[in-house]
file final.cif (mmCIF, C-alpha atoms)
data_model
loop_
_atom_site.label_atom_id
_atom_site.label_comp_id
_atom_site.auth_asym_id
_atom_site.auth_seq_id
_atom_site.Cartn_x
_atom_site.Cartn_y
_atom_site.Cartn_z
CA MET A 120 -16.39 -12.12 -6.56
CA THR A 121 -15.76 -14.53 -3.68
CA LEU A 122 -15.59 -13.18 -0.12
CA ILE A 123 -13.58 -15.25 2.34
CA THR A 124 -12.19 -15.02 5.86
CA VAL A 125 -8.62 -16.20 6.42
CA ALA A 126 -7.34 -17.13 9.87
CA SER A 127 -3.87 -15.88 10.78
CA GLY A 128 -2.86 -15.89 14.43
CA ARG A 129 -5.56 -14.01 16.35
CA ALA A 130 -6.91 -12.33 13.24
CA GLN A 131 -9.70 -13.20 10.85
CA LEU A 132 -8.59 -11.44 7.67
CA ALA A 133 -11.36 -10.19 5.38
CA ALA A 134 -10.40 -11.05 1.81
CA GLU A 135 -11.94 -11.34 -1.62
CA ALA A 136 -10.99 -12.97 -4.90
CA THR A 137 -12.18 -12.04 -8.38
CA GLY A 138 -11.62 -13.47 -11.84
CA HIS A 139 -9.59 -16.35 -13.21
CA GLY A 140 -6.12 -16.91 -14.61
CA GLY A 141 -2.83 -15.86 -13.07
CA ALA A 142 -2.96 -14.90 -9.40
CA VAL A 143 -2.36 -11.29 -8.32
CA LEU A 144 -2.15 -10.48 -4.59
CA MET A 145 -2.81 -6.81 -3.71
CA ILE A 146 -1.64 -5.32 -0.38
CA HIS A 147 -3.04 -1.90 0.51
CA ALA A 148 -1.44 1.23 1.94
CA GLY A 149 -1.60 2.25 5.60
CA VAL A 150 -4.32 4.86 5.01
CA THR A 151 -6.70 2.72 2.92
CA ASP A 152 -8.13 -0.80 2.80
CA ARG A 153 -8.72 -3.50 0.20
CA THR A 154 -11.36 -1.43 -1.60
CA SER A 155 -8.65 1.04 -2.67
CA TRP A 156 -7.87 -1.46 -5.45
CA ASP A 157 -11.37 -1.31 -7.00
CA SER A 158 -10.31 0.57 -10.12
CA LEU A 159 -7.33 -1.69 -10.79
CA VAL A 160 -9.41 -4.83 -10.30
CA ALA A 161 -11.94 -3.45 -12.78
CA ARG A 162 -9.21 -2.59 -15.29
CA LEU A 163 -7.69 -6.09 -15.09
CA GLY A 164 -11.08 -7.75 -15.57
CA ASP A 165 -11.60 -11.50 -15.30
CA GLY A 166 -8.34 -12.43 -17.02
CA PHE A 167 -6.50 -12.46 -13.69
CA ARG A 168 -7.41 -13.92 -10.32
CA THR A 169 -7.07 -10.84 -8.13
CA VAL A 170 -6.86 -11.39 -4.39
CA ARG A 171 -6.98 -8.57 -1.85
CA PHE A 172 -7.48 -8.33 1.89
CA ASP A 173 -7.79 -5.91 4.79
CA ALA A 174 -4.73 -5.79 7.05
CA ARG A 175 -5.17 -5.77 10.82
CA GLY A 176 -6.66 -2.45 11.88
CA TYR A 177 -8.29 -1.81 8.52
CA GLY A 178 -11.58 -2.45 6.77
CA GLU A 179 -13.54 -5.50 7.86
CA THR A 180 -10.75 -7.61 9.35
CA ALA A 181 -11.45 -8.78 12.91
CA TYR A 182 -8.60 -9.32 15.36
CA GLU A 183 -7.52 -9.48 18.98
CA THR A 184 -4.45 -7.72 20.29
CA GLU A 185 -1.45 -9.92 19.52
CA ASP A 186 2.14 -8.91 20.06
CA GLY A 187 4.60 -10.36 17.55
CA TRP A 188 2.14 -10.63 14.65
CA SER A 189 3.64 -10.42 11.18
CA PRO A 190 2.24 -8.62 8.11
CA VAL A 191 4.21 -11.08 5.97
CA ALA A 192 2.61 -14.06 7.73
CA ASP A 193 -0.83 -12.52 7.21
CA ALA A 194 -0.19 -11.93 3.51
CA LEU A 195 1.15 -15.46 3.12
CA ALA A 196 -1.94 -16.88 4.85
CA VAL A 197 -4.18 -15.10 2.33
CA LEU A 198 -2.02 -16.30 -0.54
CA ASP A 199 -2.10 -19.88 0.79
CA ALA A 200 -5.88 -19.74 1.01
CA CYS A 201 -6.33 -18.51 -2.56
CA GLU A 202 -3.30 -19.60 -4.59
CA PRO A 203 -1.04 -22.60 -3.83
CA GLY A 204 1.69 -21.43 -6.20
CA ALA A 205 3.38 -18.15 -6.99
CA ALA A 206 1.57 -14.87 -7.61
CA VAL A 207 2.32 -11.39 -8.82
CA VAL A 208 2.32 -9.23 -5.69
CA ILE A 209 1.25 -5.58 -5.82
CA GLY A 210 1.82 -3.36 -2.80
CA CYS A 211 1.39 0.33 -2.08
CA SER A 212 3.29 2.19 0.66
CA MET A 213 3.00 0.01 3.78
CA GLY A 214 1.78 -2.76 1.49
CA GLY A 215 4.89 -2.29 -0.64
CA ARG A 216 7.05 -2.94 2.40
CA THR A 217 5.13 -6.13 3.10
CA ALA A 218 5.46 -7.15 -0.56
CA LEU A 219 9.23 -6.68 -0.47
CA ASP A 220 9.62 -8.56 2.81
CA LEU A 221 7.39 -11.37 1.49
CA THR A 222 9.46 -11.66 -1.67
CA LEU A 223 12.72 -11.90 0.26
CA ALA A 224 11.34 -14.38 2.82
CA HIS A 225 9.41 -16.57 0.35
CA PRO A 226 10.85 -16.03 -3.14
CA ASP A 227 9.11 -19.14 -4.46
CA ARG A 228 5.71 -17.54 -3.87
CA VAL A 229 6.29 -14.32 -5.83
CA SER A 230 6.57 -14.33 -9.63
CA ALA A 231 6.72 -10.54 -10.12
CA LEU A 232 6.35 -7.32 -8.13
CA VAL A 233 4.54 -4.03 -8.56
CA LEU A 234 5.56 -1.45 -5.97
CA ILE A 235 3.60 1.80 -5.73
CA ALA A 236 5.37 4.42 -3.59
CA PRO A 237 6.78 1.61 -1.46
CA ALA A 238 7.92 1.85 2.11
CA VAL A 239 11.02 -0.29 2.68
CA SER A 240 12.00 -2.06 5.88
CA GLY A 241 15.43 -0.91 7.05
CA ALA A 242 15.34 2.31 5.02
CA PRO A 243 17.00 5.40 6.54
CA ALA A 244 14.76 7.65 8.62
CA PRO A 245 13.43 10.42 6.36
CA VAL A 246 14.07 14.13 6.71
CA LEU A 247 10.70 15.77 6.10
CA ALA A 248 10.34 18.74 3.79
CA PRO A 249 9.17 21.92 5.61
CA ARG A 250 5.55 21.72 4.37
CA VAL A 251 5.30 18.04 5.32
CA ALA A 252 6.83 18.73 8.73
CA GLU A 253 4.24 21.47 9.26
CA LEU A 254 1.38 19.15 8.35
CA ASP A 255 2.88 16.45 10.58
CA GLN A 256 2.83 18.83 13.55
CA LEU A 257 -0.79 19.75 12.84
CA ILE A 258 -1.70 16.06 12.70
CA ASP A 259 0.02 15.43 16.04
CA ALA A 260 -1.85 18.36 17.61
CA ALA A 261 -5.21 17.18 16.31
CA ASP A 262 -4.47 13.67 17.52
CA ALA A 263 -3.57 14.99 20.99
CA ASP A 264 -6.93 16.81 21.05
CA GLY A 265 -8.76 13.63 20.05
CA ASP A 266 -10.03 15.25 16.84
CA VAL A 267 -10.05 12.22 14.56
CA ASP A 268 -11.91 14.00 11.78
CA GLU A 269 -9.24 16.71 11.62
CA VAL A 270 -6.47 14.10 11.57
CA ASN A 271 -8.27 12.42 8.70
CA ARG A 272 -8.68 15.70 6.79
CA LEU A 273 -4.99 16.55 7.17
CA GLU A 274 -3.85 13.06 6.21
CA ALA A 275 -5.93 13.34 3.04
CA ILE A 276 -3.83 16.38 2.11
CA VAL A 277 -0.57 14.52 2.74
CA TRP A 278 -1.39 11.18 1.15
CA LEU A 279 -4.18 11.83 -1.35
CA ASP A 280 -3.73 15.36 -2.68
CA GLY A 281 0.01 15.71 -2.16
CA PRO A 282 1.23 18.15 0.51
CA GLU A 283 1.77 21.02 -1.94
CA ARG A 284 -1.65 20.66 -3.63
CA PRO A 285 -4.39 20.59 -0.94
CA GLY A 286 -7.81 19.96 -2.42
CA ARG A 287 -6.46 18.60 -5.72
CA ALA A 288 -8.09 15.16 -5.69
CA SER A 289 -11.64 14.53 -6.82
CA HIS A 290 -14.59 14.51 -4.44
CA THR A 291 -15.12 10.80 -5.11
CA ALA A 292 -11.54 9.87 -4.26
CA ARG A 293 -11.59 12.09 -1.16
CA GLU A 294 -14.79 10.58 0.22
CA HIS A 295 -13.42 7.08 -0.35
CA PHE A 296 -10.13 7.98 1.35
CA LEU A 297 -11.85 9.58 4.35
CA ALA A 298 -14.11 6.55 4.81
CA MET A 299 -11.25 4.03 4.70
CA ASN A 300 -8.81 6.04 6.79
CA GLY A 301 -11.55 6.95 9.25
CA VAL A 302 -11.98 3.27 10.09
CA ALA A 303 -8.23 2.83 10.51
CA LEU A 304 -7.87 5.89 12.74
CA ARG A 305 -10.58 4.58 15.08
CA ALA A 306 -9.43 0.95 15.09
CA ALA A 307 -8.13 -0.83 18.16
CA ASP A 308 -4.39 -1.43 18.41
CA PRO A 309 -3.60 -4.84 16.89
CA GLY A 310 -0.43 -5.15 19.02
CA GLU A 311 3.27 -4.83 18.38
CA GLN A 312 4.45 -6.24 15.07
CA SER A 313 7.35 -8.65 14.89
CA GLU A 314 10.73 -7.10 14.19
CA PRO A 315 10.80 -5.80 10.60
CA GLY A 316 13.26 -7.13 8.09
CA ASP A 317 16.00 -5.17 6.35
CA ALA A 318 14.93 -5.16 2.73
CA TRP A 319 16.82 -1.91 2.11
CA THR A 320 20.20 -3.69 2.09
CA ARG A 321 18.88 -6.77 0.25
CA LEU A 322 17.07 -5.21 -2.70
CA GLY A 323 19.72 -6.60 -5.01
CA ASP A 324 18.67 -10.13 -4.00
CA ILE A 325 15.24 -9.71 -5.60
CA ALA A 326 15.28 -11.61 -8.88
CA VAL A 327 11.71 -11.23 -10.14
CA PRO A 328 10.59 -8.61 -12.68
CA THR A 329 9.58 -5.48 -10.81
CA LEU A 330 7.66 -2.33 -11.71
CA VAL A 331 8.17 0.66 -9.39
CA ILE A 332 5.65 3.51 -9.64
CA VAL A 333 5.58 6.86 -7.85
CA GLY A 334 3.60 10.08 -8.33
CA ASP A 335 5.34 13.38 -8.91
CA LEU A 336 3.24 14.99 -6.14
CA ASP A 337 4.20 12.41 -3.52
CA LEU A 338 6.48 13.24 -0.59
CA GLU A 339 10.03 14.03 -1.61
CA HIS A 340 11.68 11.26 0.39
CA ILE A 341 9.20 8.68 -0.93
CA ARG A 342 10.03 9.64 -4.51
CA ARG A 343 13.72 9.39 -3.67
CA TYR A 344 13.30 5.98 -2.04
CA ALA A 345 11.30 4.71 -5.02
CA LEU A 346 14.14 5.66 -7.32
CA GLN A 347 16.60 3.84 -5.07
CA VAL A 348 14.43 0.72 -5.03
CA ALA A 349 14.23 0.69 -8.82
CA ALA A 350 17.98 1.25 -9.14
CA SER A 351 18.78 -1.57 -6.70
CA ILE A 352 16.50 -4.35 -7.99
CA PRO A 353 18.24 -5.85 -11.04
CA ASN A 354 15.21 -6.53 -13.27
CA SER A 355 13.17 -3.43 -12.57
CA THR A 356 11.38 -0.62 -14.41
CA PHE A 357 10.71 2.82 -12.93
CA LEU A 358 7.72 5.01 -13.77
CA GLU A 359 6.98 8.47 -12.41
CA LEU A 360 3.40 9.60 -12.95
CA ARG A 361 2.37 13.21 -13.45
CA ASP A 362 -0.19 15.09 -11.37
CA VAL A 363 -0.84 12.38 -8.78
CA ALA A 364 0.47 11.70 -5.28
CA HIS A 365 0.68 8.58 -3.11
CA LEU A 366 -2.40 6.63 -4.22
CA PRO A 367 -2.71 6.67 -8.03
CA HIS A 368 -4.77 3.49 -8.15
CA LEU A 369 -7.33 4.96 -5.73
CA GLU A 370 -7.68 7.95 -8.07
CA ALA A 371 -8.05 5.61 -11.07
CA HIS A 372 -5.08 7.35 -12.68
CA ASP A 373 -5.02 6.06 -16.26
CA GLY A 374 -1.21 6.03 -16.44
CA ALA A 375 -0.99 3.84 -13.34
CA LEU A 376 -3.77 1.45 -14.37
CA ASP A 377 -2.39 1.09 -17.90
CA ALA A 378 1.16 0.51 -16.66
CA VAL A 379 0.14 -2.21 -14.22
CA ALA A 380 -2.15 -3.90 -16.74
CA GLY A 381 0.61 -3.85 -19.37
CA PHE A 382 3.18 -5.18 -16.93
CA LEU A 383 0.92 -8.07 -15.92
CA ALA A 384 -0.01 -8.88 -19.52
CA ALA A 385 3.70 -9.31 -20.33
CA ARG A 386 4.27 -11.88 -17.58
#
call {"tool": "encode", "arguments": {"input": "final.cif", "output": "structure tokens"}}
result
Amino acid sequence: MTLITVASGRAQLAAEATGHGGAVLMIHAGVTDRTSWDSLVARLGDGFRTVRFDARGYGETAYETEDGWSPVADALAVLDACEPGAAVVIGCSMGGRTALDLTLAHPDRVSALVLIAPAVSGAPAPVLAPRVAELDQLIDAADADGDVDEVNRLEAIVWLDGPERPGRASHTAREHFLAMNGVALRAADPGEQSEPGDAWTRLGDIAVPTLVIVGDLDLEHIRRYALQVAASIPNSTFLELRDVAHLPHLEAHDGALDAVAGFLAAR
């Protein structure tokens, strides 16, 4: 494993690279950090050069407040530092949005995509299911009270367990989630991001092979959006996993790890 720091604007992005062979860039969700990919990196072994980094506000990345910063520019800076050519890009949730925007902005740098419960820039605003809306209100109340630990506990229900199955995930996965998200919840504001793209209306322009994965316990609108993404990207495959929510790779879900490993082996 090689630990590096990549400069991008006013940020020093904490990144690491492991293995050899074809490059794979991993972009984490908005409630985790680069260590959420540990199980997938282990499953892929040394046959791929896996590259992952902490976004601004997460993990070990250092930054100053900077309005107009771009998640795509940060991801591209990491890719430039580790791989001069194209890479398979894997993104979860927020990281999926960055992966899509990166692919549309720099198609020559992306050879294939894996999207796990992806957010999508330009997607319609979601209508939350009643249980999710209830949890959202509880999170807002805890946040207003300054109770970061309660916010973290509630967000673990939403994003790790699945809103209808509180307490489902393992102790190991929960402790890892709470540690990562706890850092993010206490992090300083990195500043306003640049205007997001509109990948939602341009999904048909994506030409690379794409695997879209979503858990059957994830939020209803996220499952629906994942289906739409898979239906709109011409060369795509859709996989719904059983008994897992938003972060199957964090839970070392065998179906997710096997699917990604098989997809990469076929490239």
call {"tool": "atom_distance", "arguments": {"input": "final.cif", "atom1": "CA of Ala126 (chain A)", "atom2": "CA of Arg228 (chain A)"}}
result
19.0 Å
call {"tool": "closest_residue", "arguments": {"input": "final.cif", "among": "A:Arg342, A:His225, A:Arg162, A:Arg153", "to": "His295 (chain A)", "atoms": "only C-alpha atoms"}}
result
A:Arg153
call {"tool": "atom_distance", "arguments": {"input": "final.cif", "atom1": "CA of Ala231 (chain A)", "atom2": "CA of Ala349 (chain A)"}}
result
13.6 Å
call {"tool": "closest_residue", "arguments": {"input": "final.cif", "among": "A:Ala306, A:Ile258, A:Val277, A:Ala142", "to": "Val229 (chain A)", "atoms": "only C-alpha atoms"}}
result
A:Ala142
call {"tool": "resolve_selection", "arguments": {"input": "final.cif", "expression": "the PyMOL selection byres ((chain A and resi 140) around 12)", "output": "VMD selection string"}}
result
chain A and resid 136 to 139 141 to 143 163 to 170 202 206 to 207 383 to 384 386
call {"tool": "residues_around", "arguments": {"input": "final.cif", "residues": "Ala326 (chain A)", "least_positions_apart": "4", "cutoff": "10 Å", "atoms": "all atoms listed in the file", "output": "VMD selection string"}}
result
chain A and resid 222 to 223 226 229 to 232 322 352 to 355
call {"tool": "closest_residue", "arguments": {"input": "final.cif", "among": "A:Ala130, A:Ala318, A:Leu369, A:Leu198", "to": "Met299 (chain A)", "atoms": "only C-alpha atoms"}}
result
A:Leu369
call {"tool": "closest_residue", "arguments": {"input": "final.cif", "among": "A:Cys201, A:Ala364, A:Glu274, A:Asp262", "to": "Arg287 (chain A)", "atoms": "all atoms listed in the file"}}
result
A:Ala364
